[in-house]
$ cat structure.cif   # mmCIF, C-alpha atoms and all ligand atoms
data_start
#
loop_
_atom_site.label_atom_id
_atom_site.label_comp_id
_atom_site.auth_asym_id
_atom_site.auth_seq_id
_atom_site.Cartn_x
_atom_site.Cartn_y
_atom_site.Cartn_z
CA MET A 1443 0.00 0.00 0.00
CA ASP A 1444 0.95 3.63 -0.65
CA SER A 1445 3.22 5.15 2.06
CA SER A 1446 0.72 7.91 2.72
CA PRO A 1447 -2.67 6.68 1.47
CA LYS A 1448 -5.21 9.33 0.62
CA THR A 1449 -8.58 9.11 2.34
CA ALA A 1450 -11.72 11.14 1.63
CA ILE A 1451 -14.00 12.03 4.53
CA ILE A 1452 -17.50 13.00 3.47
CA GLY A 1453 -19.48 14.97 6.08
CA SER A 1454 -17.47 16.90 8.63
CA GLY A 1455 -19.60 16.68 11.76
CA LEU A 1456 -18.46 15.02 14.96
CA ILE A 1457 -17.70 11.65 13.38
CA GLY A 1458 -16.14 13.00 10.18
CA CYS A 1459 -13.69 15.08 12.23
CA GLY A 1460 -12.89 12.13 14.50
CA TRP A 1461 -12.11 9.97 11.44
CA ALA A 1462 -9.98 12.71 9.86
CA VAL A 1463 -7.81 12.83 12.99
CA ALA A 1464 -7.64 9.03 13.22
CA PHE A 1465 -6.56 8.64 9.57
CA ALA A 1466 -4.08 11.56 9.76
CA ARG A 1467 -2.51 10.25 12.99
CA GLY A 1468 -2.07 6.91 11.24
CA GLY A 1469 -0.06 8.55 8.44
CA CYS A 1470 -2.80 9.00 5.83
CA THR A 1471 -3.78 12.25 4.23
CA ALA A 1472 -7.43 13.13 4.60
CA ALA A 1473 -9.54 15.39 2.40
CA LEU A 1474 -12.68 16.50 4.18
CA PHE A 1475 -15.83 17.60 2.33
CA ASP A 1476 -19.08 18.90 3.78
CA ALA A 1477 -22.10 20.01 1.76
CA ASN A 1478 -22.52 22.88 4.22
CA ALA A 1479 -19.61 25.34 3.82
CA GLU A 1480 -20.09 26.65 7.36
CA ALA A 1481 -19.80 23.13 8.78
CA ALA A 1482 -16.58 22.63 6.81
CA GLN A 1483 -15.09 25.78 8.35
CA GLN A 1484 -16.26 24.71 11.82
CA ALA A 1485 -14.48 21.39 11.21
CA LYS A 1486 -11.09 23.15 11.41
CA THR A 1487 -11.79 24.09 15.04
CA THR A 1488 -13.05 20.60 15.91
CA LEU A 1489 -10.06 18.89 14.27
CA THR A 1490 -7.60 21.13 16.08
CA ARG A 1491 -9.32 20.51 19.41
CA LEU A 1492 -9.34 16.72 18.94
CA ALA A 1493 -5.68 16.67 17.84
CA GLU A 1494 -4.57 18.96 20.70
CA GLU A 1495 -6.38 16.83 23.28
CA LEU A 1496 -4.50 13.78 22.00
CA GLU A 1497 -1.20 15.67 21.96
CA MET A 1498 -1.67 16.83 25.56
CA ALA A 1499 -2.40 13.26 26.59
CA GLY A 1500 0.74 12.02 24.78
CA MET A 1501 -1.33 9.91 22.41
CA LEU A 1502 0.09 11.05 19.07
CA ASP A 1503 3.07 8.67 18.96
CA GLY A 1504 5.56 11.56 19.07
CA GLN A 1505 3.74 13.66 16.48
CA THR A 1506 2.37 17.14 17.17
CA ALA A 1507 -1.22 18.27 16.76
CA LYS A 1508 -0.01 20.42 13.85
CA ASP A 1509 1.51 17.35 12.11
CA ILE A 1510 -1.98 15.85 12.24
CA THR A 1511 -3.98 18.89 11.12
CA ASP A 1512 -1.45 19.55 8.32
CA ARG A 1513 -2.41 16.18 6.83
CA VAL A 1514 -6.10 17.15 6.72
CA HIS A 1515 -7.28 19.29 3.84
CA ILE A 1516 -10.71 20.91 3.62
CA ALA A 1517 -11.89 20.27 0.05
CA SER A 1518 -14.09 22.80 -1.68
CA ASP A 1519 -16.11 20.20 -3.59
CA LEU A 1520 -16.81 16.49 -3.65
CA ASP A 1521 -14.60 15.74 -6.67
CA GLU A 1522 -11.62 17.45 -5.07
CA ALA A 1523 -12.11 15.38 -1.91
CA LEU A 1524 -12.42 12.11 -3.86
CA LYS A 1525 -9.45 12.65 -6.18
CA ASP A 1526 -6.94 9.75 -5.77
CA ALA A 1527 -8.71 8.44 -2.63
CA VAL A 1528 -8.13 4.76 -1.79
CA HIS A 1529 -10.72 4.85 1.02
CA VAL A 1530 -13.85 7.00 1.31
CA GLN A 1531 -15.45 7.33 4.74
CA GLU A 1532 -19.01 8.68 4.59
CA ASN A 1533 -20.39 10.52 7.67
CA VAL A 1534 -23.55 12.30 6.54
CA PRO A 1535 -26.76 12.34 8.66
CA GLU A 1536 -28.37 9.04 9.60
CA LYS A 1537 -31.25 9.07 7.07
CA LEU A 1538 -31.76 6.34 4.51
CA ASP A 1539 -32.57 8.64 1.58
CA VAL A 1540 -29.51 10.82 2.35
CA LYS A 1541 -27.22 7.76 2.51
CA LYS A 1542 -28.68 6.37 -0.74
CA ALA A 1543 -28.15 9.67 -2.54
CA ILE A 1544 -24.58 10.17 -1.35
CA PHE A 1545 -23.57 6.56 -2.13
CA SER A 1546 -24.95 7.00 -5.68
CA GLU A 1547 -22.72 10.06 -6.06
CA LEU A 1548 -19.70 8.37 -4.50
CA ASP A 1549 -20.01 5.29 -6.70
CA ILE A 1550 -20.00 7.43 -9.83
CA ARG A 1551 -17.32 9.91 -8.78
CA ALA A 1552 -14.80 8.08 -6.56
CA PRO A 1553 -11.81 6.27 -8.11
CA ARG A 1554 -12.98 2.83 -9.32
CA ASP A 1555 -10.84 0.89 -6.85
CA ALA A 1556 -11.60 3.00 -3.75
CA VAL A 1557 -13.45 1.30 -0.87
CA LEU A 1558 -16.68 3.16 0.01
CA ALA A 1559 -17.34 2.91 3.76
CA SER A 1560 -20.27 4.33 5.72
CA SER A 1561 -20.11 5.29 9.40
CA THR A 1562 -23.82 4.56 9.82
CA SER A 1563 -24.82 3.56 13.35
CA ALA A 1564 -27.88 1.52 12.48
CA LEU A 1565 -28.59 1.24 8.74
CA LEU A 1566 -27.71 -2.04 7.08
CA PRO A 1567 -25.30 -1.64 4.16
CA SER A 1568 -27.70 -3.57 1.87
CA ALA A 1569 -30.34 -0.84 2.45
CA PHE A 1570 -28.40 1.88 0.62
CA THR A 1571 -25.98 0.11 -1.76
CA GLU A 1572 -28.09 -2.48 -3.63
CA HIS A 1573 -28.78 -0.20 -6.61
CA LEU A 1574 -25.11 0.63 -7.26
CA GLU A 1575 -22.96 -0.67 -10.07
CA GLY A 1576 -19.95 -0.73 -7.75
CA ARG A 1577 -21.82 -2.25 -4.80
CA ALA A 1578 -19.10 -4.89 -4.26
CA ARG A 1579 -16.79 -2.19 -2.86
CA CYS A 1580 -19.39 -0.78 -0.42
CA LEU A 1581 -19.55 -1.65 3.27
CA VAL A 1582 -20.11 -0.16 6.73
CA ALA A 1583 -17.18 0.86 8.95
CA HIS A 1584 -19.00 1.79 12.15
CA PRO A 1585 -16.91 3.55 14.81
CA ILE A 1586 -17.55 4.47 18.41
CA ASN A 1587 -17.39 8.21 18.96
CA PRO A 1588 -14.74 9.57 18.70
CA PRO A 1589 -12.78 7.15 16.47
CA SER A 1590 -9.63 9.16 17.19
CA LEU A 1591 -9.82 7.88 20.78
CA ILE A 1592 -11.77 4.59 20.70
CA PRO A 1593 -10.16 1.92 18.48
CA ALA A 1594 -12.94 -0.62 17.78
CA VAL A 1595 -14.60 -0.38 14.37
CA GLU A 1596 -17.21 -2.79 13.00
CA ILE A 1597 -16.68 -3.67 9.35
CA VAL A 1598 -20.00 -4.92 8.02
CA PRO A 1599 -20.57 -6.40 4.55
CA ALA A 1600 -23.75 -6.30 2.49
CA PRO A 1601 -24.45 -9.70 0.86
CA TRP A 1602 -22.63 -8.46 -2.29
CA THR A 1603 -19.57 -6.86 -0.63
CA SER A 1604 -16.36 -8.44 -1.95
CA SER A 1605 -13.82 -10.00 0.40
CA SER A 1606 -11.22 -7.78 -1.25
CA ALA A 1607 -13.10 -4.63 -0.11
CA MET A 1608 -13.44 -6.12 3.41
CA ASN A 1609 -9.71 -6.95 3.49
CA ARG A 1610 -8.61 -3.57 2.20
CA CYS A 1611 -10.78 -1.75 4.73
CA ALA A 1612 -9.62 -3.94 7.65
CA ASP A 1613 -5.96 -3.58 6.59
CA LEU A 1614 -6.22 0.20 6.46
CA MET A 1615 -7.94 0.30 9.87
CA GLU A 1616 -5.20 -1.84 11.38
CA ARG A 1617 -2.54 0.25 9.78
CA ILE A 1618 -3.89 3.44 11.45
CA GLY A 1619 -4.15 1.70 14.83
CA GLN A 1620 -7.90 0.96 14.93
CA LYS A 1621 -9.19 -2.46 15.97
CA PRO A 1622 -11.34 -3.75 13.10
CA ILE A 1623 -14.05 -6.31 13.82
CA ARG A 1624 -14.71 -8.17 10.55
CA MET A 1625 -18.35 -9.23 10.59
CA GLN A 1626 -19.37 -12.21 8.45
CA ARG A 1627 -22.76 -10.73 7.54
CA GLU A 1628 -25.00 -7.78 8.32
CA ILE A 1629 -27.46 -7.81 11.23
CA ASP A 1630 -29.42 -5.04 12.97
CA GLY A 1631 -27.30 -3.36 15.66
CA PHE A 1632 -24.10 -4.93 14.29
CA ILE A 1633 -22.22 -6.33 17.31
CA MET A 1634 -21.62 -3.53 19.78
CA ASN A 1635 -25.16 -2.10 19.82
CA ARG A 1636 -26.56 -5.62 20.17
CA LEU A 1637 -24.38 -6.15 23.25
CA GLN A 1638 -25.30 -2.74 24.62
CA GLY A 1639 -28.98 -3.36 23.87
CA ALA A 1640 -28.98 -6.66 25.78
CA LEU A 1641 -27.47 -4.95 28.79
CA LEU A 1642 -29.92 -2.03 28.64
CA GLN A 1643 -32.85 -4.48 28.43
CA GLU A 1644 -31.78 -5.97 31.72
CA ALA A 1645 -31.09 -2.56 33.29
CA PHE A 1646 -34.63 -1.39 32.45
CA ARG A 1647 -36.06 -4.73 33.64
CA LEU A 1648 -34.40 -4.47 37.07
CA VAL A 1649 -35.71 -0.92 37.57
CA ALA A 1650 -39.19 -1.76 36.18
CA ALA A 1651 -39.49 -4.65 38.65
CA GLY A 1652 -38.46 -2.41 41.55
CA ILE A 1653 -35.46 -4.63 42.30
CA ALA A 1654 -32.88 -1.89 41.83
CA THR A 1655 -32.77 1.87 41.56
CA PRO A 1656 -31.19 3.46 38.47
CA GLU A 1657 -28.19 4.37 40.65
CA ASP A 1658 -27.82 0.76 41.80
CA VAL A 1659 -27.64 -0.39 38.18
CA ASP A 1660 -25.06 2.27 37.31
CA THR A 1661 -22.98 1.39 40.37
CA GLY A 1662 -23.04 -2.32 39.47
CA LEU A 1663 -21.72 -1.55 36.02
CA ARG A 1664 -19.40 1.38 36.67
CA ASP A 1665 -17.87 0.11 39.91
CA GLY A 1666 -18.36 -3.61 39.36
CA LEU A 1667 -18.22 -5.09 35.88
CA ALA A 1668 -16.85 -2.23 33.78
CA PRO A 1669 -13.33 -1.88 35.28
CA ARG A 1670 -12.64 -5.48 34.21
CA TRP A 1671 -14.42 -4.97 30.90
CA ALA A 1672 -12.07 -2.08 30.11
CA LEU A 1673 -9.34 -4.75 30.03
CA LEU A 1674 -11.10 -7.91 28.86
CA GLY A 1675 -14.06 -8.96 26.74
CA PRO A 1676 -16.76 -11.27 28.18
CA PHE A 1677 -15.19 -14.48 26.85
CA GLU A 1678 -11.74 -13.50 28.12
CA THR A 1679 -13.36 -12.63 31.46
CA ILE A 1680 -15.02 -16.00 31.97
CA ASP A 1681 -11.95 -17.86 30.71
CA LEU A 1682 -10.00 -16.32 33.61
CA ASN A 1683 -12.78 -16.84 36.16
CA ALA A 1684 -12.49 -20.62 36.54
CA PRO A 1685 -9.31 -22.64 37.08
CA GLY A 1686 -10.08 -24.78 34.01
CA GLY A 1687 -10.95 -21.87 31.74
CA VAL A 1688 -14.09 -21.22 29.73
CA ARG A 1689 -15.37 -24.85 29.71
CA ASP A 1690 -14.94 -25.12 33.46
CA TYR A 1691 -16.74 -21.77 33.90
CA VAL A 1692 -19.70 -22.98 31.83
CA ALA A 1693 -19.85 -26.23 33.83
CA ARG A 1694 -19.86 -24.32 37.11
CA TYR A 1695 -22.08 -21.35 36.27
CA GLY A 1696 -23.95 -22.24 33.06
CA PRO A 1697 -27.01 -23.55 34.97
CA MET A 1698 -27.19 -20.31 36.97
CA TYR A 1699 -27.25 -18.24 33.76
CA GLU A 1700 -29.84 -20.57 32.21
CA LYS A 1701 -32.11 -20.02 35.21
CA ILE A 1702 -31.61 -16.24 34.90
CA ALA A 1703 -32.33 -16.36 31.15
CA GLU A 1704 -35.77 -17.86 31.89
CA THR A 1705 -36.66 -14.51 33.53
CA GLN A 1706 -35.28 -12.45 30.64
CA ARG A 1707 -37.33 -13.72 27.73
CA VAL A 1708 -39.87 -10.89 27.62
CA ASN A 1709 -38.81 -7.39 26.59
CA THR A 1710 -39.28 -4.57 29.09
CA ASP A 1711 -41.17 -1.38 28.28
CA TRP A 1712 -38.60 1.44 28.14
CA THR A 1713 -41.27 4.15 28.42
CA GLY A 1714 -43.99 5.06 30.94
CA GLU A 1715 -43.45 4.86 34.66
CA THR A 1716 -40.08 3.10 34.43
CA LEU A 1717 -38.66 5.86 32.26
CA ASP A 1718 -40.17 8.48 34.62
CA ARG A 1719 -38.31 6.89 37.53
CA ILE A 1720 -35.02 6.69 35.65
CA GLU A 1721 -35.30 10.27 34.44
CA GLU A 1722 -36.20 11.55 37.91
CA ALA A 1723 -33.18 9.78 39.41
CA ARG A 1724 -30.84 11.13 36.73
CA ARG A 1725 -32.12 14.72 36.98
CA GLU A 1726 -31.72 14.65 40.76
CA VAL A 1727 -27.97 14.08 40.42
CA LEU A 1728 -27.49 15.86 37.08
CA PRO A 1729 -29.76 18.79 36.15
CA LEU A 1730 -30.29 19.12 32.38
CA ASN A 1731 -28.34 22.38 32.21
CA GLN A 1732 -25.23 20.56 33.45
CA ILE A 1733 -25.19 17.84 30.80
CA SER A 1734 -22.59 19.53 28.57
CA LYS A 1735 -20.31 20.03 31.57
CA ALA A 1736 -20.70 16.35 32.46
CA GLN A 1737 -19.98 15.35 28.82
CA ALA A 1738 -16.75 17.37 28.87
CA GLU A 1739 -15.72 15.75 32.16
CA ARG A 1740 -16.50 12.28 30.74
CA ASP A 1741 -14.44 13.00 27.63
CA SER A 1742 -11.44 14.22 29.58
CA ARG A 1743 -11.55 11.19 31.92
CA LEU A 1744 -11.90 8.93 28.89
CA VAL A 1745 -8.75 10.43 27.36
CA GLN A 1746 -6.88 9.69 30.60
CA MET A 1747 -8.15 6.11 30.69
CA MET A 1748 -7.29 5.45 27.02
CA LYS A 1749 -3.84 6.97 27.59
CA HIS A 1750 -3.28 4.53 30.44
CA LEU A 1751 -4.50 1.55 28.39
CA ARG A 1752 -2.31 2.54 25.44
CA LYS A 1753 0.70 2.80 27.75
CA HIS A 1754 -0.02 -0.61 29.29
CA PRO A 1755 -1.17 -2.82 26.40
CA LYS A 1756 -2.34 -6.38 27.00
CA LYS A 1757 0.57 -8.83 26.78
CA SER A 1758 -1.32 -12.11 26.30
N1 LIG B 1 -22.48 10.75 16.80
C1 LIG B 1 -22.17 9.50 17.15
O1 LIG B 1 -21.99 9.18 18.34
C2 LIG B 1 -21.97 8.45 16.09
C3 LIG B 1 -21.24 7.28 16.39
C4 LIG B 1 -21.01 6.34 15.37
C5 LIG B 1 -21.53 6.56 14.09
N2 LIG B 1 -22.26 7.70 13.84
C6 LIG B 1 -22.80 7.89 12.48
O2 LIG B 1 -21.96 8.79 11.78
C7 LIG B 1 -22.74 9.53 10.84
C8 LIG B 1 -22.52 11.02 11.06
O3 LIG B 1 -22.90 11.35 12.37
P1 LIG B 1 -22.51 12.75 13.07
O4 LIG B 1 -22.89 12.62 14.51
O5 LIG B 1 -21.10 13.12 12.73
O6 LIG B 1 -23.53 13.74 12.31
P2 LIG B 1 -23.47 15.34 12.20
O7 LIG B 1 -24.89 15.78 12.01
O8 LIG B 1 -22.64 15.90 13.32
O9 LIG B 1 -22.68 15.59 10.81
C9 LIG B 1 -23.18 15.31 9.55
C10 LIG B 1 -22.53 16.26 8.56
O10 LIG B 1 -22.83 15.84 7.23
C11 LIG B 1 -23.02 17.01 6.42
N3 LIG B 1 -23.76 16.63 5.23
C12 LIG B 1 -25.09 16.44 5.06
N4 LIG B 1 -25.35 16.02 3.80
C13 LIG B 1 -24.16 15.95 3.15
C14 LIG B 1 -23.77 15.58 1.84
N5 LIG B 1 -24.66 15.19 0.94
N6 LIG B 1 -22.46 15.63 1.51
C15 LIG B 1 -21.52 16.03 2.41
N7 LIG B 1 -21.84 16.40 3.68
C16 LIG B 1 -23.14 16.34 4.05
C17 LIG B 1 -23.74 17.98 7.35
O11 LIG B 1 -23.59 19.33 6.89
C18 LIG B 1 -23.03 17.73 8.67
O12 LIG B 1 -21.92 18.59 8.87
C19 LIG B 1 -24.18 9.07 11.01
O13 LIG B 1 -24.49 8.07 10.09
C20 LIG B 1 -24.19 8.50 12.42
O14 LIG B 1 -25.18 7.53 12.63
C21 LIG B 1 -22.48 8.65 14.80
#
$ encode --input "structure.cif" --output "structure tokens" --more "lines below"
Ligand SMILES: NC(=O)c1ccc[n+]([C@@H]2O[C@H](COP(=O)([O-])OP(=O)(O)OC[C@H]3O[C@@H](n4cnc5c(N)ncnc54)[C@H](O)[C@@H]3O)[C@@H](O)[C@H]2O)c1
Amino acid sequence: MDSSPKTAIIGSGLIGCGWAVAFARGGCTAALFDANAEAAQQAKTTLTRLAEELEMAGMLDGQTAKDITDRVHIASDLDEALKDAVHVQENVPEKLDVKKAIFSELDIRAPRDAVLASSTSALLPSAFTEHLEGRARCLVAHPINPPSLIPAVEIVPAPWTSSSAMNRCADLMERIGQKPIRMQREIDGFIMNRLQGALLQEAFRLVAAGIATPEDVDTGLRDGLAPRWALLGPFETIDLNAPGGVRDYVARYGPMYEKIAETQRVNTDWTGETLDRIEEARREVLPLNQISKAQAERDSRLVQMMKHLRKHPKKS
């Protein structure tokens, strides 16, 4: 692959800017295009902020924030952004008709061998690429916000996506330091939102049944399971939680989980009185007008945690 592959980032909101920084930090050049000229100008401020935060945390592998922003170019039109791109990352609003329209444009105007990747959170790639001549090079590369800080990215094929497009996308993601998850086929929620959804179902269920308060659920996660989950996935966790590994764990605790699962078959209503209780509990500790302050605090603590994890990578 090229020593400094060119990427095109389409849509320069939160996710587009995060991708631009992630690609530029990984040695790519990135041309950013937004249909709204004001948003494109605003992107310069967002990019600089994201790159400076990473520099301050020592997470730029010896590069400066300026090295990163110098590799990002704000393109004045779509063709300029797409010129010579080997990878196109689309980040326009989450609406099916908007995704369909932009993918039609991209398929006509991007270099023939470029991979066309969408950041969509919830649309299946088959829903907006079926009509395209070049549909074999289209896929989803779904990040967690912001991709400049969080490495996992789900690479999701439509039924017609070629393995070459999947490989090229995964290789590029690895090269820039992301952690690609290569899915075998598309499914609603991909992997991470399915896992999160299962957990939220149970969280709502416990509150709805009056077994736990919203704070109790958050404490159980934040101060119980999550510290370990920042280091290990669920299979790694159970493999280390029985002397004989995962099989031993299942022999010891499988029946307990089967009994629990019997009580989890029916979905919980996320609205009505349960939601009232959760909202009341949240607003008591965090008034609505303090949400942006709390988001900023979360982001700065997240940077510190990711810095620590990057400094102490897993050895086995
Ligand atoms: N925000 C998140 O936490 C998150 C996480 C993962 C994935 N995503 C996905 O990423 C995508 C972008 O999300 P976001 O939060 O950055 O949205 P956003 O609203 O912040 O940004 C979208 C940008 O796209 C621009 N745009 C609209 N139409 C365009 C077009 N035709 N060509 C070029 N630019 C166009 C808009 O002007 C805007 O600046 C969505 O599909 C979303 O589901 C979001």
$ residues_near_ligand --input "structure.cif" --ligand "ligand LIG 1 (chain B)" --cutoff "6 Å" --atoms "all atoms listed in the file" --output "ChimeraX atom specification"
/A:1452-1458,1475-1478,1481,1533-1536,1544,1561-1563,1584-1587
$ residues_around --input "structure.cif" --residues "region 1494-1499 of chain A" --least-positions-apart "2" --cutoff "9 Å" --atoms "all atoms listed in the file" --output "VMD selection string"
chain A and resid 1489 to 1492 1501 to 1508 1590 to 1591 1742 1745 to 1746 1749
$ write_last_selection --input "structure.cif" --atoms "C-alpha atoms" --output "mmCIF file, in the coordinates of the input"
data_model
loop_
_atom_site.group_PDB
_atom_site.id
_atom_site.type_symbol
_atom_site.label_atom_id
_atom_site.label_comp_id
_atom_site.auth_asym_id
_atom_site.auth_seq_id
_atom_site.Cartn_x
_atom_site.Cartn_y
_atom_site.Cartn_z
ATOM 1 C CA LEU A 1489 -10.060 18.890 14.270
ATOM 2 C CA THR A 1490 -7.600 21.130 16.080
ATOM 3 C CA ARG A 1491 -9.320 20.510 19.410
ATOM 4 C CA LEU A 1492 -9.340 16.720 18.940
ATOM 5 C CA MET A 1501 -1.330 9.910 22.410
ATOM 6 C CA LEU A 1502 0.090 11.050 19.070
ATOM 7 C CA ASP A 1503 3.070 8.670 18.960
ATOM 8 C CA GLY A 1504 5.560 11.560 19.070
ATOM 9 C CA GLN A 1505 3.740 13.660 16.480
ATOM 10 C CA THR A 1506 2.370 17.140 17.170
ATOM 11 C CA ALA A 1507 -1.220 18.270 16.760
ATOM 12 C CA LYS A 1508 -0.010 20.420 13.850
ATOM 13 C CA SER A 1590 -9.630 9.160 17.190
ATOM 14 C CA LEU A 1591 -9.820 7.880 20.780
ATOM 15 C CA SER A 1742 -11.440 14.220 29.580
ATOM 16 C CA VAL A 1745 -8.750 10.430 27.360
ATOM 17 C CA GLN A 1746 -6.880 9.690 30.600
ATOM 18 C CA LYS A 1749 -3.840 6.970 27.590
#
$ atom_distance --input "structure.cif" --atom1 "CA of His1754 (chain A)" --atom2 "CA of Leu1673 (chain A)"
10.2 Å
$ closest_residue --input "structure.cif" --among "A:Glu1726, A:Glu1572, A:Asp1521, A:Asp1555" --to "Glu1657 (chain A)" --atoms "all atoms listed in the file"
A:Glu1726
$ residues_near_point --input "structure.cif" --point "(-24.4, -0.5, 18.4)" --cutoff "12 Å" --atoms "all atoms listed in the file" --output "list in words"
Ser1561, Thr1562, Ser1563, Ala1564, Leu1565, Leu1566, Ala1583, His1584, Pro1585, Ile1586, Asn1587, Ala1594, Val1595, Glu1596, Ile1629, Asp1630, Gly1631, Phe1632, Ile1633, Met1634, Asn1635, Arg1636, Leu1637, Gln1638, Gly1639, Ala1640, Leu1641 and Leu1642 of chain A
$ atom_distance --input "structure.cif" --atom1 "CA of Arg1694 (chain A)" --atom2 "CA of Lys1757 (chain A)"
27.6 Å
$ closest_residue --input "structure.cif" --among "A:Ile1592, A:Cys1580, A:Val1649, A:Ala1612" --to "Thr1713 (chain A)" --atoms "all atoms listed in the file"
A:Val1649
$ axis_aligned_box --input "structure.cif" --around "region 1609-1623 of chain A" --padding-each-side "3 Å" --output "AutoDock Vina command-line options"
--center_x -8.3 --center_y -1.8 --center_z 9.1 --size_x 17.5 --size_y 16.4 --size_z 19.8
